[in-house]
Amino acid sequence: MTEKPAKKEVKIAFPENLRGGVYSNNMFITHTKEEFILDFMMITPPVGSVTARVIISPGHMKRMVSALRANLGKYEAKFGKLTEAPEPSKPSMGFHPPE
């Protein structure tokens with residue numbers, strides 16, 4: 001009979017400067033074949049700023065989406081069905097060539 005490998009405990013350090021978190025009311029996603037880039041932003045017209053950038057592998061993105069779906073389901077089971085907020089108007093950001 002084969003023995004199961006012992007579970008290893010990983011201790012996670014939580015840097016002091018991240019403990020308060022950051023607020024985001026907008027997100028922009030880009031990707032390449034090797035990674036997804038999630039830029040979380042705080043937009044308060046007439047300005048906005050990136051509050052966090054997360055870069056993850058495609059495989060981890062798939063697991064993250066699955067975890068988000070599962071947790072949204074748990075949230076709605078406990079607190080009731082959420083309605084999706086209407087998409088905010090898209091402010092003009094950056095430089096755009098004339099049409």
# chains A, B, ... in the order shown; residues from 1 in each chain; ligands from 1
>>> select_by_dssp(residues="range 13-98 of chain A", states="alpha helix (DSSP H)", output="list in words")
Pro58, Gly59, His60, Met61, Lys62, Arg63, Met64, Val65, Ser66, Ala67, Leu68, Arg69, Ala70, Asn71, Leu72, Gly73, Lys74, Tyr75, Glu76, Ala77, Lys78 and Phe79 of chain A
>>> residues_around(residues="Met42 in chain A", least_positions_apart="4", cutoff="6 Å", atoms="only C-alpha atoms", output="ChimeraX atom specification")
/A:24-25,48-49
>>> select_by_dssp(residues="chain A", states="strand (DSSP E or B)", output="list in words")
Asn26, Met27, Phe28, Ile29, Thr30, His31, Phe36, Ile37, Leu38, Asp39, Phe40, Met41, Met42, Ile43, Thr44, Val47, Gly48, Ser49, Val50, Thr51, Ala52, Arg53, Val54, Ile55 and Ile56 of chain A
>>> write_last_selection(atoms="C-alpha atoms", output="tab-separated table (two decimals), in the first residue's frame")
chain	number	residue	atom	x	y	z
A	26	ASN	CA	-12.80	49.65	-12.25
A	27	MET	CA	-10.63	46.93	-13.75
A	28	PHE	CA	-8.84	46.52	-17.06
A	29	ILE	CA	-7.73	43.08	-18.26
A	30	THR	CA	-5.12	42.34	-20.91
A	31	HIS	CA	-3.40	39.08	-21.74
A	36	PHE	CA	-3.21	37.65	-17.70
A	37	ILE	CA	-2.65	41.19	-16.43
A	38	LEU	CA	-5.35	42.66	-14.19
A	39	ASP	CA	-5.08	46.39	-13.50
A	40	PHE	CA	-7.39	47.52	-10.69
A	41	MET	CA	-8.18	51.25	-10.79
A	42	MET	CA	-9.85	53.95	-8.76
A	43	ILE	CA	-11.57	56.28	-11.20
A	44	THR	CA	-12.84	59.58	-9.82
A	47	VAL	CA	-8.60	61.58	-12.79
A	48	GLY	CA	-7.94	57.93	-12.13
A	49	SER	CA	-5.09	55.81	-10.90
A	50	VAL	CA	-4.06	52.17	-10.84
A	51	THR	CA	-4.32	50.89	-7.26
A	52	ALA	CA	-3.01	47.37	-7.92
A	53	ARG	CA	-1.68	45.20	-10.74
A	54	VAL	CA	-1.92	41.42	-10.60
A	55	ILE	CA	-0.16	39.22	-13.17
A	56	ILE	CA	-1.18	35.54	-13.24
